[in-house]
$ cat upload-v8.txt   # compact mmCIF, C-alpha atoms and all ligand atoms
# COMPACT_ATOMS: atom_id res chain seq x y z
CA MET A 1 4.63 232.62 84.70
CA SER A 2 5.72 230.24 82.00
CA THR A 3 3.18 231.53 79.49
CA ASP A 4 5.03 234.64 78.44
CA ARG A 5 8.54 233.28 78.70
CA HIS A 6 10.65 233.21 75.65
CA GLU A 7 13.48 230.69 75.65
CA ASP A 8 16.36 230.34 73.26
CA HIS A 9 19.14 227.86 72.62
CA HIS A 10 20.65 227.74 76.07
CA GLY A 11 17.54 228.23 78.09
CA ASP A 12 17.59 231.97 78.63
CA VAL A 13 14.38 233.35 79.96
CA ARG A 14 12.87 236.69 79.22
CA ALA A 15 11.46 238.11 82.42
CA PRO A 16 7.68 237.67 82.48
CA GLY A 17 5.61 240.78 81.95
CA ASN A 18 2.99 240.32 84.65
CA LEU A 19 5.02 240.93 87.79
CA PRO A 20 5.14 243.98 90.06
CA ARG A 21 7.47 246.73 88.97
CA ASP A 22 6.98 248.96 91.97
CA ALA A 23 10.65 249.56 92.81
CA THR A 24 11.45 251.58 89.70
CA PRO A 25 9.84 255.02 89.35
CA PRO A 26 7.83 255.39 86.10
CA ASP A 27 10.20 257.90 84.51
CA LEU A 28 13.08 255.47 84.88
CA ARG A 29 11.26 252.43 83.57
CA ALA A 30 12.55 252.72 80.06
CA GLY A 31 15.96 253.38 78.70
CA ALA A 32 16.36 256.35 76.39
CA GLU A 33 15.66 255.82 72.67
CA ASP A 34 19.38 255.76 71.98
CA ALA A 35 20.35 253.66 75.03
CA ASP A 36 23.21 251.44 73.89
CA VAL A 37 24.81 250.12 77.10
CA GLY A 38 24.31 246.44 77.87
CA VAL A 39 25.06 245.15 81.37
CA VAL A 40 26.01 241.59 82.29
CA ILE A 41 25.71 240.95 86.03
CA VAL A 42 27.31 237.66 86.94
CA ALA A 43 25.45 236.02 89.81
CA ALA A 44 25.95 232.35 89.04
CA GLY A 45 28.64 231.49 91.60
CA SER A 46 28.15 229.07 94.46
CA GLY A 47 29.55 231.33 97.19
CA SER A 48 31.65 228.50 98.59
CA ARG A 49 33.76 230.78 100.79
CA VAL A 50 30.66 232.16 102.52
CA GLY A 51 28.97 228.75 102.71
CA GLY A 52 25.48 228.26 104.15
CA ALA A 53 22.21 227.20 102.57
CA GLU A 54 21.39 230.44 100.77
CA LEU A 55 23.54 231.77 97.91
CA LYS A 56 25.46 234.87 98.98
CA GLN A 57 24.18 236.91 96.02
CA PHE A 58 20.58 236.33 97.20
CA ARG A 59 21.24 237.13 100.88
CA TRP A 60 20.18 240.49 102.25
CA VAL A 61 22.73 243.20 102.74
CA ALA A 62 22.01 246.88 103.43
CA GLY A 63 18.26 246.42 103.30
CA LYS A 64 17.68 244.21 100.28
CA PRO A 65 18.91 241.12 98.45
CA MET A 66 22.49 241.64 97.27
CA LEU A 67 21.79 241.14 93.56
CA LEU A 68 18.87 243.57 93.58
CA HIS A 69 21.18 246.46 94.55
CA SER A 70 23.09 246.16 91.27
CA VAL A 71 20.07 245.46 89.06
CA GLN A 72 18.30 248.57 90.34
CA ALA A 73 21.45 250.71 90.11
CA PHE A 74 21.88 249.90 86.42
CA HIS A 75 18.17 250.25 85.68
CA SER A 76 18.21 253.75 87.15
CA ARG A 77 20.33 254.83 84.16
CA ARG A 78 18.82 256.02 80.90
CA ASP A 79 21.82 254.86 78.84
CA VAL A 80 21.26 251.22 79.85
CA ALA A 81 19.36 249.27 77.21
CA MET A 82 19.37 245.87 78.91
CA VAL A 83 20.56 244.11 82.05
CA VAL A 84 21.35 240.43 81.70
CA CYS A 85 21.49 238.61 85.04
CA VAL A 86 23.43 235.38 84.86
CA LEU A 87 22.08 232.94 87.45
CA PRO A 88 22.75 229.33 88.45
CA LYS A 89 20.73 227.09 86.15
CA ALA A 90 18.18 226.06 88.79
CA PHE A 91 17.20 229.70 89.38
CA VAL A 92 16.71 230.74 85.77
CA GLY A 93 13.46 228.82 85.54
CA ASP A 94 12.48 229.70 89.09
CA PRO A 95 14.00 233.09 89.98
CA PRO A 96 13.54 234.68 93.39
CA PRO A 97 10.40 236.90 93.16
CA TRP A 98 12.16 240.01 94.52
CA LEU A 99 14.30 240.06 91.38
CA PHE A 100 11.36 241.51 89.47
CA GLN A 101 11.34 244.66 91.60
CA CYS A 102 13.01 246.41 88.72
CA ASP A 103 12.32 247.44 85.13
CA ILE A 104 11.44 243.99 83.85
CA ASP A 105 11.34 245.20 80.24
CA ARG A 106 15.09 245.66 80.55
CA LEU A 107 15.85 242.36 82.33
CA LEU A 108 16.98 239.06 80.85
CA LEU A 109 18.06 235.97 82.73
CA SER A 110 20.85 233.71 81.47
CA VAL A 111 22.30 230.44 82.67
CA GLY A 112 25.71 230.51 84.35
CA GLY A 113 28.70 228.32 83.64
CA ARG A 114 31.18 226.43 85.77
CA GLU A 115 33.66 229.31 85.79
CA ARG A 116 32.98 233.04 86.01
CA THR A 117 34.43 233.49 82.52
CA GLU A 118 31.81 231.10 81.09
CA SER A 119 29.03 232.88 82.97
CA VAL A 120 30.08 236.20 81.41
CA ALA A 121 30.27 234.61 77.95
CA ASN A 122 26.72 233.28 78.28
CA GLY A 123 25.47 236.69 79.32
CA LEU A 124 27.24 238.40 76.40
CA GLU A 125 25.44 236.12 73.95
CA ASP A 126 22.08 237.41 75.12
CA LEU A 127 22.72 241.14 74.73
CA PRO A 128 20.37 242.75 72.20
CA ASP A 129 21.57 244.19 68.89
CA GLU A 130 21.46 247.84 69.95
CA VAL A 131 24.21 247.37 72.54
CA ASN A 132 27.54 249.02 71.66
CA VAL A 133 29.13 249.27 75.11
CA VAL A 134 29.20 246.32 77.50
CA LEU A 135 29.47 246.62 81.27
CA ILE A 136 30.36 243.52 83.23
CA HIS A 137 29.67 243.52 86.94
CA ASP A 138 29.91 241.09 89.87
CA ALA A 139 26.68 240.62 91.81
CA ALA A 140 29.00 240.15 94.79
CA ARG A 141 29.71 243.93 94.67
CA PRO A 142 26.33 245.37 95.63
CA PHE A 143 27.30 249.05 95.94
CA VAL A 144 28.17 250.19 92.46
CA SER A 145 28.23 253.97 92.12
CA ASP A 146 26.87 256.03 89.25
CA ALA A 147 30.09 258.06 89.10
CA THR A 148 32.16 254.92 88.57
CA ILE A 149 29.75 253.67 85.92
CA ASP A 150 30.03 257.04 84.14
CA ARG A 151 33.83 256.83 84.17
CA VAL A 152 34.12 253.30 82.74
CA ILE A 153 31.52 253.99 80.05
CA ALA A 154 33.31 257.18 78.96
CA GLU A 155 36.55 255.24 78.44
CA ALA A 156 34.87 252.37 76.59
CA ARG A 157 33.26 254.90 74.24
CA CYS A 158 36.80 255.91 73.29
CA GLY A 159 37.54 252.33 72.20
CA ARG A 160 39.37 251.07 75.29
CA GLY A 161 38.63 248.64 78.08
CA ALA A 162 38.14 250.35 81.43
CA ILE A 163 38.07 248.91 84.92
CA ALA A 164 37.16 250.38 88.26
CA ALA A 165 40.23 249.94 90.47
CA LEU A 166 41.96 251.26 93.57
CA PRO A 167 45.68 251.82 94.19
CA VAL A 168 47.24 249.35 96.60
CA VAL A 169 48.08 250.97 99.94
CA ASP A 170 49.75 248.10 101.80
CA THR A 171 53.28 246.95 101.06
CA LEU A 172 53.05 243.76 99.02
CA LYS A 173 55.23 240.67 99.53
CA GLU A 174 55.63 237.67 97.32
CA VAL A 175 55.76 234.65 99.63
CA ASP A 176 56.65 230.99 98.95
CA ASP A 177 54.87 227.87 100.25
CA SER A 178 56.92 227.81 103.44
CA GLY A 179 55.91 231.35 104.35
CA ARG A 180 59.25 232.86 103.44
CA VAL A 181 59.21 236.24 101.71
CA VAL A 182 60.71 235.98 98.24
CA ARG A 183 60.59 239.66 97.37
CA THR A 184 58.84 242.97 97.87
CA LEU A 185 56.74 244.21 94.97
CA ASP A 186 56.64 247.80 93.78
CA ARG A 187 53.35 248.98 95.22
CA ALA A 188 53.37 252.20 93.21
CA THR A 189 52.42 250.33 90.04
CA LEU A 190 49.80 248.01 91.53
CA TRP A 191 46.03 248.46 91.57
CA ARG A 192 43.17 246.30 92.87
CA ALA A 193 40.70 245.56 90.08
CA GLN A 194 36.99 245.84 90.84
CA THR A 195 33.89 245.87 88.70
CA PRO A 196 32.17 247.32 86.75
CA GLN A 197 34.45 246.85 83.76
CA ALA A 198 33.40 248.36 80.43
CA PHE A 199 34.39 247.44 76.88
CA PRO A 200 33.42 248.13 73.28
CA ARG A 201 31.08 245.28 72.45
CA ASP A 202 32.88 243.90 69.39
CA LEU A 203 36.22 243.74 71.21
CA ILE A 204 35.00 242.02 74.37
CA GLU A 205 33.14 239.51 72.21
CA GLN A 206 36.40 238.77 70.39
CA ALA A 207 38.26 238.42 73.69
CA HIS A 208 35.70 235.93 75.00
CA ALA A 209 35.63 233.99 71.72
CA LYS A 210 39.40 233.55 71.96
CA ALA A 211 39.14 232.53 75.63
CA ARG A 212 36.51 229.96 74.78
CA ALA A 213 38.49 228.54 71.84
CA GLU A 214 41.66 228.29 73.93
CA ARG A 215 39.85 227.23 77.12
CA ILE A 216 41.28 230.17 79.03
CA THR A 217 39.57 231.48 82.15
CA ALA A 218 40.46 234.53 84.20
CA THR A 219 39.16 236.17 87.35
CA ASP A 220 38.16 239.27 85.42
CA ASP A 221 37.33 240.24 81.84
CA ALA A 222 40.03 242.83 81.44
CA ALA A 223 42.59 240.00 81.63
CA LEU A 224 41.06 238.43 78.50
CA PHE A 225 41.06 241.82 76.79
CA GLU A 226 44.73 242.33 77.66
CA GLN A 227 45.60 238.96 76.14
CA LEU A 228 44.41 240.25 72.77
CA GLY A 229 46.87 243.13 73.15
CA LEU A 230 44.00 245.59 73.56
CA PRO A 231 44.34 248.62 75.84
CA VAL A 232 42.72 248.66 79.27
CA VAL A 233 42.80 251.66 81.59
CA VAL A 234 41.92 252.03 85.25
CA VAL A 235 39.42 254.54 86.52
CA ARG A 236 38.98 255.31 90.18
CA GLY A 237 36.75 252.76 91.91
CA SER A 238 35.59 252.97 95.49
CA GLU A 239 36.01 251.18 98.81
CA ARG A 240 32.24 250.83 98.85
CA ALA A 241 32.49 248.65 95.75
CA MET A 242 34.05 245.92 97.92
CA LYS A 243 33.41 242.33 96.94
CA ILE A 244 31.53 240.23 99.45
CA THR A 245 33.66 237.14 99.65
CA ASP A 246 33.33 235.69 103.15
CA GLU A 247 30.87 235.82 106.03
CA GLY A 248 32.54 238.76 107.77
CA ASP A 249 32.09 240.89 104.66
CA PHE A 250 28.31 241.06 105.22
CA ALA A 251 28.74 243.04 108.44
CA ARG A 252 31.48 245.17 106.84
CA ALA A 253 29.24 245.92 103.85
CA ASP A 254 26.33 246.91 106.10
CA ALA A 255 28.64 249.26 108.01
CA LEU A 256 30.12 250.74 104.82
CA PHE A 257 26.68 251.30 103.34
CA SER A 258 25.62 253.42 106.29
CA VAL A 259 28.66 255.70 105.94
CA ASN A 260 28.61 258.47 103.33
CA GLU A 261 31.17 258.09 100.59
N1 LIG A 301 30.28 233.91 89.30
C1 LIG A 301 29.47 233.44 88.25
N2 LIG A 301 29.68 232.18 87.76
C2 LIG A 301 30.64 231.38 88.26
C3 LIG A 301 31.46 231.85 89.32
C4 LIG A 301 31.25 233.14 89.82
O1 LIG A 301 28.59 234.16 87.79
N3 LIG A 301 30.79 230.15 87.77
C5 LIG A 301 30.02 235.26 89.85
C6 LIG A 301 29.63 235.25 91.32
O2 LIG A 301 28.24 235.01 91.49
C7 LIG A 301 30.07 236.62 91.78
C8 LIG A 301 31.24 236.97 90.86
O3 LIG A 301 31.22 236.02 89.80
O4 LIG A 301 29.06 237.60 91.63
C9 LIG A 301 32.57 236.96 91.60
O5 LIG A 301 32.80 235.66 92.06
P1 LIG A 301 33.11 235.25 93.59
O6 LIG A 301 33.10 236.43 94.47
O7 LIG A 301 34.28 234.34 93.57
O8 LIG A 301 31.77 234.45 93.96
P2 LIG A 301 31.57 232.88 94.07
O9 LIG A 301 32.32 232.19 92.97
O10 LIG A 301 30.11 232.65 94.15
O11 LIG A 301 32.22 232.56 95.50
P3 LIG A 301 33.32 231.45 95.83
O12 LIG A 301 34.50 231.71 94.92
O13 LIG A 301 33.61 231.68 97.28
O14 LIG A 301 32.66 230.11 95.58
MG MG A 302 34.48 232.32 92.85
$ encode --input "upload-v8.txt" --output "structure tokens" --more "lines below"
Ligand code: CTP
Ligand code: MG
Amino acid sequence: MSTDRHEDHHGDVRAPGNLPRDATPPDLRAGAEDADVGVVIVAAGSGSRVGGAELKQFRWVAGKPMLLHSVQAFHSRRDVAMVVCVLPKAFVGDPPPWLFQCDIDRLLLSVGGRERTESVANGLEDLPDEVNVVLIHDAARPFVSDATIDRVIAEARCGRGAIAALPVVDTLKEVDDSGRVVRTLDRATLWRAQTPQAFPRDLIEQAHAKARAERITATDDAALFEQLGLPVVVVRGSERAMKITDEGDFARADALFSVNE
């Protein structure tokens, strides 16, 4: 496997070319000539809230390993030029074999950082030159829909950041350490941010460069974009795009997957 690896400055590994590619039908194996969307899937977390010996992003959910759902979903698109999977360092040199059940010509592996923001930044560095629009996606959200991807890309092509999100339906309370309610927030203006999030490449690179210089981290990339004063819009996400955060979410995700959207 090591013979046809190509490594660069921070140890990124080009997926080897001699592995099975049976999961992607032949007509979907290549992006279109003018494919210019680059995808960074962050899968370098430790899954501390789930716990257990196996990383949550490698555990099976709805019939296959969690990360593989997203990789295959993005590879099924002709506008995607490259998918960069950001993995914990130990797995970049020794990835799980199922990961190569995809279009390996459009797969790169990068090394994750301590914080999610650093993992995204590492993935951004490895995008090829032809990428104009960047999609950033959490491996912990296995059920990304094509319609949502279409919507965020369309907005990013207009020069804005775009995030999949859902309006908040519960009444929201701000609560202090003692459990006392401080105030009620105006739900009408609040949305829950999901991924994918899409951005024009030059602008998200600037946002991450600033974050790195100022040692800022955030739980999503839109927050870094907003700090530059750049516009971000919401597009309708989906309940199926839930993030798997704790153990109970595995059963919920399996149940959601079996229900039509
Ligand atoms: N992530 C990453 N690098 C990090 C931290 C997180 O690539 N240093 C990724 C995770 O793998 C996940 C996504 O960011 O796909 C969202 O993070 P989260 O759901 O918080 O996952 P973990 O950080 O792995 O879980 P926990 O916070 O419970 O440890
Ligand atoms: Mg985390």
$ residues_near_ligand --input "upload-v8.txt" --ligand "ligand MG 302 (chain A)" --cutoff "12 Å" --atoms "only C-alpha atoms and all ligand atoms" --output "count of residues only"
29
$ closest_residue --input "upload-v8.txt" --among "A:Leu127, A:Val168, A:Leu203, A:Ala255" --to "A:Asp221" --atoms "all atoms listed in the file"
A:Leu203
$ residues_around --input "upload-v8.txt" --residues "A:Asn132" --least-positions-apart "6" --cutoff "8 Å" --atoms "all atoms listed in the file" --output "list in words"
Asp36, Val37, Gly38, Pro200, Arg201 and Asp202 of chain A
$ closest_residue --input "upload-v8.txt" --among "A:Ala35, A:Ala223, A:Val235, A:Val152" --to "A:Gln197" --atoms "only C-alpha atoms"
A:Val152
$ atom_distance --input "upload-v8.txt" --atom1 "atom C9 of ligand LIG 301 (chain A)" --atom2 "atom CA of A:Thr195"
9.5 Å
$ closest_residue --input "upload-v8.txt" --among "A:Gln101, A:Ser178, A:Gln194, A:Ser76" --to "ligand LIG 301 (chain A)" --atoms "all atoms listed in the file"
A:Gln194
$ closest_residue --input "upload-v8.txt" --among "A:Asp146, A:Pro95, A:Pro65, A:Ile41" --to "A:Arg77" --atoms "only C-alpha atoms"
A:Asp146
$ atom_distance --input "upload-v8.txt" --atom1 "atom CA of A:Pro196" --atom2 "atom CA of A:Arg141"
9.0 Å
$ atom_distance --input "upload-v8.txt" --atom1 "atom CA of A:Val233" --atom2 "atom CA of A:Ile163"
6.4 Å
$ closest_residue --input "upload-v8.txt" --among "A:Ile216, A:Gly123, A:Trp60, A:Ala30" --to "ligand LIG 301 (chain A)" --atoms "all atoms listed in the file"
A:Gly123
$ axis_aligned_box --input "upload-v8.txt" --around "ligand LIG 301 (chain A)" --padding-each-side "3 Å" --output "AutoDock Vina command-line options"
--center_x 31.4 --center_y 233.9 --center_z 92.5 --size_x 12.3 --size_y 13.5 --size_z 15.5
$ residues_around --input "upload-v8.txt" --residues "A:Glu226" --least-positions-apart "5" --cutoff "9 Å" --atoms "all atoms listed in the file" --output "JSON, numbers by chain"
{"A": [161, 207, 221, 231, 232]}
$ closest_residue --input "upload-v8.txt" --among "A:Phe225, A:Phe100, A:Trp191, A:Phe58" --to "ligand LIG 301 (chain A)" --atoms "only C-alpha atoms and all ligand atoms"
A:Phe58
